[in-house]
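Shown here: my_file11.txt, compact mmCIF, C-alpha atoms.
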```txt
# COMPACT_ATOMS: atom_id res chain seq x y z
CA GLY E 1 0.00 0.00 0.00
CA ASP E 2 0.89 3.66 -0.11
CA SER E 3 3.18 4.99 2.60
CA VAL E 4 5.37 7.91 3.63
CA THR E 5 8.69 7.63 5.44
CA GLN E 6 10.45 10.60 6.94
CA MET E 7 13.57 11.00 9.01
CA GLU E 8 13.28 10.62 12.72
CA GLY E 9 13.76 13.48 15.07
CA PRO E 10 14.38 15.41 17.03
CA VAL E 11 16.54 17.51 14.79
CA THR E 12 18.35 20.18 16.78
CA LEU E 13 19.88 23.16 15.00
CA SER E 14 21.32 26.54 15.77
CA GLU E 15 19.63 29.64 14.42
CA GLU E 16 20.61 30.44 10.80
CA ALA E 17 21.64 26.82 10.12
CA PHE E 18 20.50 24.89 7.04
CA LEU E 19 17.62 22.49 7.55
CA THR E 20 16.87 19.35 5.57
CA ILE E 21 14.15 16.84 6.45
CA ASN E 22 14.12 13.76 4.25
CA CYS E 23 10.84 12.31 3.01
CA THR E 24 10.34 9.36 0.68
CA TYR E 25 7.12 7.77 -0.42
CA THR E 26 5.69 4.60 -1.89
CA ALA E 27 2.67 4.96 -4.13
CA THR E 28 1.34 3.95 -7.51
CA GLY E 29 0.81 6.56 -10.16
CA TYR E 30 1.42 10.21 -9.42
CA PRO E 31 0.39 11.18 -5.92
CA SER E 32 0.23 14.77 -4.70
CA LEU E 33 2.76 15.58 -1.98
CA PHE E 34 2.50 17.93 0.99
CA TRP E 35 4.43 19.28 3.94
CA TYR E 36 2.45 20.27 7.04
CA VAL E 37 3.76 21.98 10.17
CA GLN E 38 2.37 21.66 13.69
CA TYR E 39 3.23 24.20 16.37
CA PRO E 40 2.74 23.22 20.02
CA GLY E 41 -0.90 23.01 21.01
CA GLU E 42 -2.16 23.74 17.51
CA GLY E 43 -3.53 21.87 14.53
CA LEU E 44 -1.56 21.16 11.40
CA GLN E 45 -1.01 23.93 8.85
CA LEU E 46 -0.22 23.37 5.21
CA LEU E 47 3.32 24.58 4.54
CA LEU E 48 3.68 23.71 0.85
CA LYS E 49 2.61 21.22 -1.78
CA ALA E 50 3.49 19.81 -5.19
CA THR E 51 1.06 17.97 -7.43
CA LYS E 52 3.25 16.64 -10.24
CA ALA E 53 6.79 15.47 -10.88
CA ASP E 54 9.51 18.16 -10.83
CA ASP E 55 7.16 20.71 -9.26
CA LYS E 56 8.74 22.78 -6.52
CA GLY E 57 6.60 23.93 -3.62
CA SER E 58 7.78 26.90 -1.60
CA ASN E 59 6.53 29.02 1.28
CA LYS E 60 8.08 31.09 4.09
CA GLY E 61 11.59 30.22 2.94
CA PHE E 62 10.90 26.47 2.86
CA GLU E 63 11.20 24.50 -0.38
CA ALA E 64 10.60 20.94 -1.54
CA THR E 65 10.87 19.40 -5.00
CA TYR E 66 8.80 16.45 -6.16
CA ARG E 67 11.32 13.89 -7.43
CA LYS E 68 9.58 11.02 -9.16
CA GLU E 69 12.80 9.17 -9.97
CA THR E 70 13.83 8.96 -6.31
CA THR E 71 10.25 9.04 -4.91
CA SER E 72 11.29 11.85 -2.60
CA PHE E 73 10.02 15.22 -1.39
CA HIS E 74 12.72 16.54 0.94
CA LEU E 75 12.04 19.75 2.85
CA GLU E 76 14.76 22.42 2.99
CA LYS E 77 15.27 25.85 4.47
CA GLY E 78 18.43 27.83 4.06
CA SER E 79 18.45 29.71 7.38
CA VAL E 80 16.20 28.61 10.21
CA GLN E 81 14.84 30.77 13.00
CA VAL E 82 13.80 29.90 16.54
CA SER E 83 10.20 30.35 15.40
CA ASP E 84 10.62 27.41 13.01
CA SER E 85 10.69 25.03 15.98
CA ALA E 86 7.78 22.68 15.37
CA VAL E 87 6.87 19.21 14.16
CA TYR E 88 6.93 18.76 10.39
CA PHE E 89 4.83 16.14 8.60
CA CYS E 90 5.26 14.88 5.06
CA ALA E 91 2.04 13.58 3.47
CA LEU E 92 0.68 12.23 0.21
CA ARG E 93 -2.68 12.04 -1.48
CA ALA E 94 -2.94 9.01 -3.71
CA THR E 95 -4.07 9.44 -7.30
CA ASP E 96 -7.28 7.52 -6.69
CA SER E 97 -8.08 9.14 -3.36
CA TRP E 98 -10.97 11.58 -2.86
CA GLY E 99 -8.90 13.60 -0.43
CA LYS E 100 -7.54 11.23 2.18
CA LEU E 101 -4.02 12.18 3.25
CA GLN E 102 -1.41 9.68 4.40
CA PHE E 103 1.16 11.11 6.78
CA GLY E 104 4.66 10.27 7.82
CA ALA E 105 5.45 9.95 11.52
CA GLY E 106 6.57 13.57 11.82
CA THR E 107 9.95 15.13 12.55
CA GLN E 108 10.43 17.42 15.50
CA VAL E 109 12.73 20.36 14.80
CA VAL E 110 14.26 22.37 17.64
CA VAL E 111 16.08 25.59 16.77
CA THR E 112 18.23 27.14 19.48
CA PRO E 113 19.35 30.78 19.62
CA ASN F 1 -12.93 34.25 9.85
CA ALA F 2 -12.96 31.49 12.42
CA GLY F 3 -10.95 28.39 11.70
CA VAL F 4 -11.93 24.79 12.26
CA MET F 5 -13.32 24.39 15.75
CA GLN F 6 -13.13 21.22 17.80
CA ASN F 7 -14.56 20.56 21.19
CA PRO F 8 -13.86 19.53 23.74
CA ARG F 9 -10.11 20.09 23.60
CA HIS F 10 -9.57 17.49 26.30
CA LEU F 11 -11.86 14.60 27.15
CA VAL F 12 -11.42 12.00 29.86
CA ARG F 13 -13.54 8.87 29.80
CA ARG F 14 -13.54 5.67 31.81
CA ARG F 15 -13.37 2.36 30.01
CA GLY F 16 -16.79 1.41 28.67
CA GLN F 17 -18.13 4.96 28.41
CA GLU F 18 -18.97 6.80 25.21
CA ALA F 19 -16.94 9.63 23.73
CA ARG F 20 -18.39 12.28 21.41
CA LEU F 21 -16.04 14.58 19.58
CA ARG F 22 -17.36 17.59 17.69
CA CYS F 23 -15.97 19.42 14.71
CA SER F 24 -17.28 22.64 13.17
CA PRO F 25 -15.72 23.21 9.75
CA MET F 26 -14.64 26.57 8.43
CA LYS F 27 -17.36 28.72 6.96
CA GLY F 28 -18.11 27.67 3.41
CA HIS F 29 -16.53 24.23 3.78
CA SER F 30 -18.70 21.18 3.25
CA HIS F 31 -16.01 18.48 3.37
CA VAL F 32 -14.77 17.09 6.67
CA TYR F 33 -11.99 14.61 7.45
CA TRP F 34 -11.16 12.91 10.73
CA TYR F 35 -7.63 11.74 11.61
CA ARG F 36 -6.24 10.04 14.69
CA GLN F 37 -2.77 10.50 16.11
CA LEU F 38 -1.57 7.81 18.48
CA PRO F 39 1.39 8.58 20.75
CA GLU F 40 4.68 8.76 18.83
CA GLU F 41 2.93 8.16 15.50
CA GLY F 42 1.81 10.25 12.57
CA LEU F 43 -1.77 11.04 11.78
CA LYS F 44 -3.90 8.20 10.43
CA PHE F 45 -6.92 8.87 8.25
CA MET F 46 -10.21 7.66 9.65
CA VAL F 47 -13.13 8.98 7.61
CA TYR F 48 -14.13 11.56 5.01
CA LEU F 49 -17.62 13.05 4.98
CA GLN F 50 -19.62 15.55 3.02
CA LYS F 51 -22.88 16.94 4.28
CA GLU F 52 -25.10 13.96 5.16
CA ASN F 53 -22.83 11.49 3.31
CA ILE F 54 -19.88 9.28 4.21
CA ILE F 55 -17.54 9.31 1.22
CA ASP F 56 -14.61 7.22 2.48
CA GLU F 57 -14.54 5.32 5.76
CA SER F 58 -11.64 3.05 4.91
CA GLY F 59 -9.71 4.07 8.03
CA MET F 60 -12.51 3.60 10.54
CA PRO F 61 -12.33 0.65 12.93
CA LYS F 62 -15.13 -1.77 12.15
CA GLU F 63 -16.67 -1.66 15.59
CA ARG F 64 -17.51 1.01 18.15
CA PHE F 65 -16.62 3.98 15.90
CA SER F 66 -19.07 6.04 13.86
CA ALA F 67 -19.14 9.46 12.26
CA GLU F 68 -21.76 11.79 10.91
CA PHE F 69 -21.98 15.22 9.33
CA PRO F 70 -25.60 16.31 9.40
CA LYS F 71 -27.18 18.96 7.24
CA GLU F 72 -27.15 21.32 10.19
CA GLY F 73 -24.59 21.38 12.97
CA PRO F 74 -21.11 20.01 13.51
CA SER F 75 -19.62 16.74 12.45
CA ILE F 76 -19.56 14.18 15.26
CA LEU F 77 -17.10 11.33 15.80
CA ARG F 78 -18.59 8.87 18.24
CA ILE F 79 -16.69 6.14 20.05
CA GLN F 80 -18.76 3.67 22.01
CA GLN F 81 -17.45 1.57 24.91
CA VAL F 82 -14.03 3.20 24.88
CA VAL F 83 -10.91 1.19 25.67
CA ARG F 84 -7.44 2.33 26.73
CA GLY F 85 -6.17 1.93 23.17
CA ASP F 86 -8.56 4.68 22.02
CA SER F 87 -6.47 7.25 23.92
CA ALA F 88 -5.14 9.56 21.23
CA ALA F 89 -5.43 13.00 19.69
CA TYR F 90 -8.28 13.25 17.18
CA PHE F 91 -7.98 15.91 14.52
CA CYS F 92 -10.65 17.20 12.22
CA ALA F 93 -9.94 18.98 8.96
CA SER F 94 -12.23 20.72 6.50
CA SER F 95 -11.94 21.78 2.88
CA LYS F 96 -13.96 23.46 0.15
CA GLY F 97 -13.77 20.47 -2.14
CA GLN F 98 -12.22 17.12 -2.94
CA GLY F 99 -8.76 16.27 -4.20
CA ASP F 100 -5.99 18.77 -3.64
CA TYR F 101 -8.10 21.47 -2.00
CA GLU F 102 -6.26 22.53 1.13
CA GLN F 103 -7.36 20.81 4.29
CA TYR F 104 -7.54 23.15 7.26
CA PHE F 105 -7.01 21.42 10.58
CA GLY F 106 -8.56 22.05 13.94
CA PRO F 107 -6.55 22.07 17.19
CA GLY F 108 -7.59 18.51 18.00
CA THR F 109 -9.33 16.72 20.86
CA ARG F 110 -7.10 14.79 23.22
CA LEU F 111 -8.99 11.74 24.49
CA THR F 112 -7.73 9.97 27.58
CA VAL F 113 -9.31 6.69 28.62
CA THR F 114 -8.73 5.71 32.23
```
Rewritten as structure tokens:
Amino acid sequence: GDSVTQMEGPVTLSEEAFLTINCTYTATGYPSLFWYVQYPGEGLQLLLKATKADDKGSNKGFEATYRKETTSFHLEKGSVQVSDSAVYFCALRATDSWGKLQFGAGTQVVVTP
Amino acid sequence: NAGVMQNPRHLVRRRGQEARLRCSPMKGHSHVYWYRQLPEEGLKFMVYLQKENIIDESGMPKERFSAEFPKEGPSILRIQQVVRGDSAAYFCASSKGQGDYEQYFGPGTRLTVT
């Protein structure tokens, strides 16, 4: 079946460091791919998405490129801030799905001053 | 513009009791999704509803769990005869449509079964 695998956390970084969170997926066809972020005590918020191969999603300095050949959708940010501390979830929507999202386990990111 | 509302935020039930979780979607949204997050795990899809219809319930446990989204009022996730393994955070999301329409998530209901 379809699945999403992302790197385990926590990932601890200093402010202004480069952030990468790896995400790979297993799915038939061409799923849509998403990154969500969850701040403490809040619901998930959509960070960015890509709906076809080679698309790049970007928002708030974060980027991810849909790589069909490596079935990956890694999240990157060039210079993190303390306010980026959160849990990040990679997710996919299968081609034949009405809207159901399948999530990875989440990666906690801690940015220290 | 209010976001997705869920209540209660925290719910404690004894084994064997019933739990009712409510979700009010964003204004103008008629599609609702329920997800469950067990400790140390990602979110797992449970059910997708439109007004008065269940569209996809492939993630719902076969027994004790039910969901509805009536013409008027919030969506309800109902768990009968709760067990310790039902302890989790339950998130509701809403969207304007199917497919890649953005799903907006509520803050979740944390259910604890004692």
Residue list as a short mmCIF file (atom, residue, chain, number, x, y, z; two decimals) with C-alpha atoms, keeping the file's coordinate frame for point (-19.3, 11.7, 6.6), cut-off 10 Å, all atoms listed in the file:
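And here is the file that came out, selection-v7.cif:
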```cif
data_model
loop_
_atom_site.label_atom_id
_atom_site.label_comp_id
_atom_site.auth_asym_id
_atom_site.auth_seq_id
_atom_site.Cartn_x
_atom_site.Cartn_y
_atom_site.Cartn_z
CA HIS F 31 -16.01 18.48 3.37
CA VAL F 32 -14.77 17.09 6.67
CA TYR F 33 -11.99 14.61 7.45
CA TRP F 34 -11.16 12.91 10.73
CA VAL F 47 -13.13 8.98 7.61
CA TYR F 48 -14.13 11.56 5.01
CA LEU F 49 -17.62 13.05 4.98
CA GLN F 50 -19.62 15.55 3.02
CA LYS F 51 -22.88 16.94 4.28
CA GLU F 52 -25.10 13.96 5.16
CA ASN F 53 -22.83 11.49 3.31
CA ILE F 54 -19.88 9.28 4.21
CA ILE F 55 -17.54 9.31 1.22
CA ASP F 56 -14.61 7.22 2.48
CA GLU F 57 -14.54 5.32 5.76
CA SER F 66 -19.07 6.04 13.86
CA ALA F 67 -19.14 9.46 12.26
CA GLU F 68 -21.76 11.79 10.91
CA PHE F 69 -21.98 15.22 9.33
CA PRO F 70 -25.60 16.31 9.40
CA SER F 75 -19.62 16.74 12.45
CA ILE F 76 -19.56 14.18 15.26
CA LEU F 77 -17.10 11.33 15.80
#
```
Please provide as a PyMOL selection string all residues within 10 Å of Gln6 in chain E, with the sequence filter that same-chain residues fewer than 6 positions apart are discarded (counting all atoms listed in the file). chain E and resi 21-25+72-74+88-91+103-107
So what do you get for CA of Glu42 in chain E versus CA of Gln81 in chain F, distance-wise? 27.9 Å
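Reported to one decimal place, the separation of CA of Leu75 in chain E from CA of Tyr35 in chain F is 23.0 Å.
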Residues of chain E that approach chain F to 9 Å or less, counting only C-alpha atoms: could you list each one with the shortest pair of atoms and its distance in Å to one decimal, rows by chain and increasing residue number, as JSON lines?
```
{"residue": "E:Ser32", "atom": "CA", "partner": "F:Asp100", "partner_atom": "CA", "distance": 7.5}
{"residue": "E:Gly41", "atom": "CA", "partner": "F:Pro107", "partner_atom": "CA", "distance": 6.9}
{"residue": "E:Glu42", "atom": "CA", "partner": "F:Pro107", "partner_atom": "CA", "distance": 4.7}
{"residue": "E:Gly43", "atom": "CA", "partner": "F:Pro107", "partner_atom": "CA", "distance": 4.0}
{"residue": "E:Leu44", "atom": "CA", "partner": "F:Phe105", "partner_atom": "CA", "distance": 5.5}
{"residue": "E:Gln45", "atom": "CA", "partner": "F:Phe105", "partner_atom": "CA", "distance": 6.7}
{"residue": "E:Leu46", "atom": "CA", "partner": "F:Glu102", "partner_atom": "CA", "distance": 7.3}
{"residue": "E:Thr51", "atom": "CA", "partner": "F:Asp100", "partner_atom": "CA", "distance": 8.0}
{"residue": "E:Phe89", "atom": "CA", "partner": "F:Gly42", "partner_atom": "CA", "distance": 7.7}
{"residue": "E:Arg93", "atom": "CA", "partner": "F:Asp100", "partner_atom": "CA", "distance": 7.8}
{"residue": "E:Thr95", "atom": "CA", "partner": "F:Gly99", "partner_atom": "CA", "distance": 8.8}
{"residue": "E:Ser97", "atom": "CA", "partner": "F:Gly99", "partner_atom": "CA", "distance": 7.2}
{"residue": "E:Trp98", "atom": "CA", "partner": "F:Gly99", "partner_atom": "CA", "distance": 5.4}
{"residue": "E:Gly99", "atom": "CA", "partner": "F:Gly99", "partner_atom": "CA", "distance": 4.6}
{"residue": "E:Lys100", "atom": "CA", "partner": "F:Phe45", "partner_atom": "CA", "distance": 6.5}
{"residue": "E:Leu101", "atom": "CA", "partner": "F:Phe45", "partner_atom": "CA", "distance": 6.7}
{"residue": "E:Gln102", "atom": "CA", "partner": "F:Lys44", "partner_atom": "CA", "distance": 6.7}
{"residue": "E:Phe103", "atom": "CA", "partner": "F:Leu43", "partner_atom": "CA", "distance": 5.8}
{"residue": "E:Gly104", "atom": "CA", "partner": "F:Gly42", "partner_atom": "CA", "distance": 5.5}
{"residue": "E:Ala105", "atom": "CA", "partner": "F:Gly42", "partner_atom": "CA", "distance": 3.8}
{"residue": "E:Gly106", "atom": "CA", "partner": "F:Gly42", "partner_atom": "CA", "distance": 5.9}
```
For Arg67 in chain E, please output as a PyMOL selection string all residues within 9 Å (counting all atoms listed in the file; exclusion window: fewer than 2 positions along the same chain). chain E and resi 52-55+65+69-74
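Going from CA of Phe65 in chain F to CA of Ile79 in chain F covers 4.7 Å.
Counting all atoms listed in the file, the residue from E:Val109, E:Leu19, E:Ala94, E:Ala64 that sits nearest to Leu47 in chain E is E:Ala64.
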First collect every listed atom of range 49-60 of chain F; then fit an axis-aligned box around them, widen it by 8 Å on each side, and give centre and edge lengths in Å to one decimal, as lines of an AutoDock Vina configuration file.
```
center_x = -17.4
center_y = 10.0
center_z = 5.9
size_x = 31.4
size_y = 29.9
size_z = 25.3
```
Using all atoms listed in the file, find all polymer residues with an atom at most 7 Å away from the point (-9.5, 18.6, 26.5); report them as a list in words. Pro8, Arg9, His10, Leu11, Thr109 and Arg110 of chain F
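Here the question is which of E:Gly57, E:Pro40, E:Gly78, E:Gly29 gets nearest to Leu13 in chain E using only C-alpha atoms, and that residue is E:Gly78.
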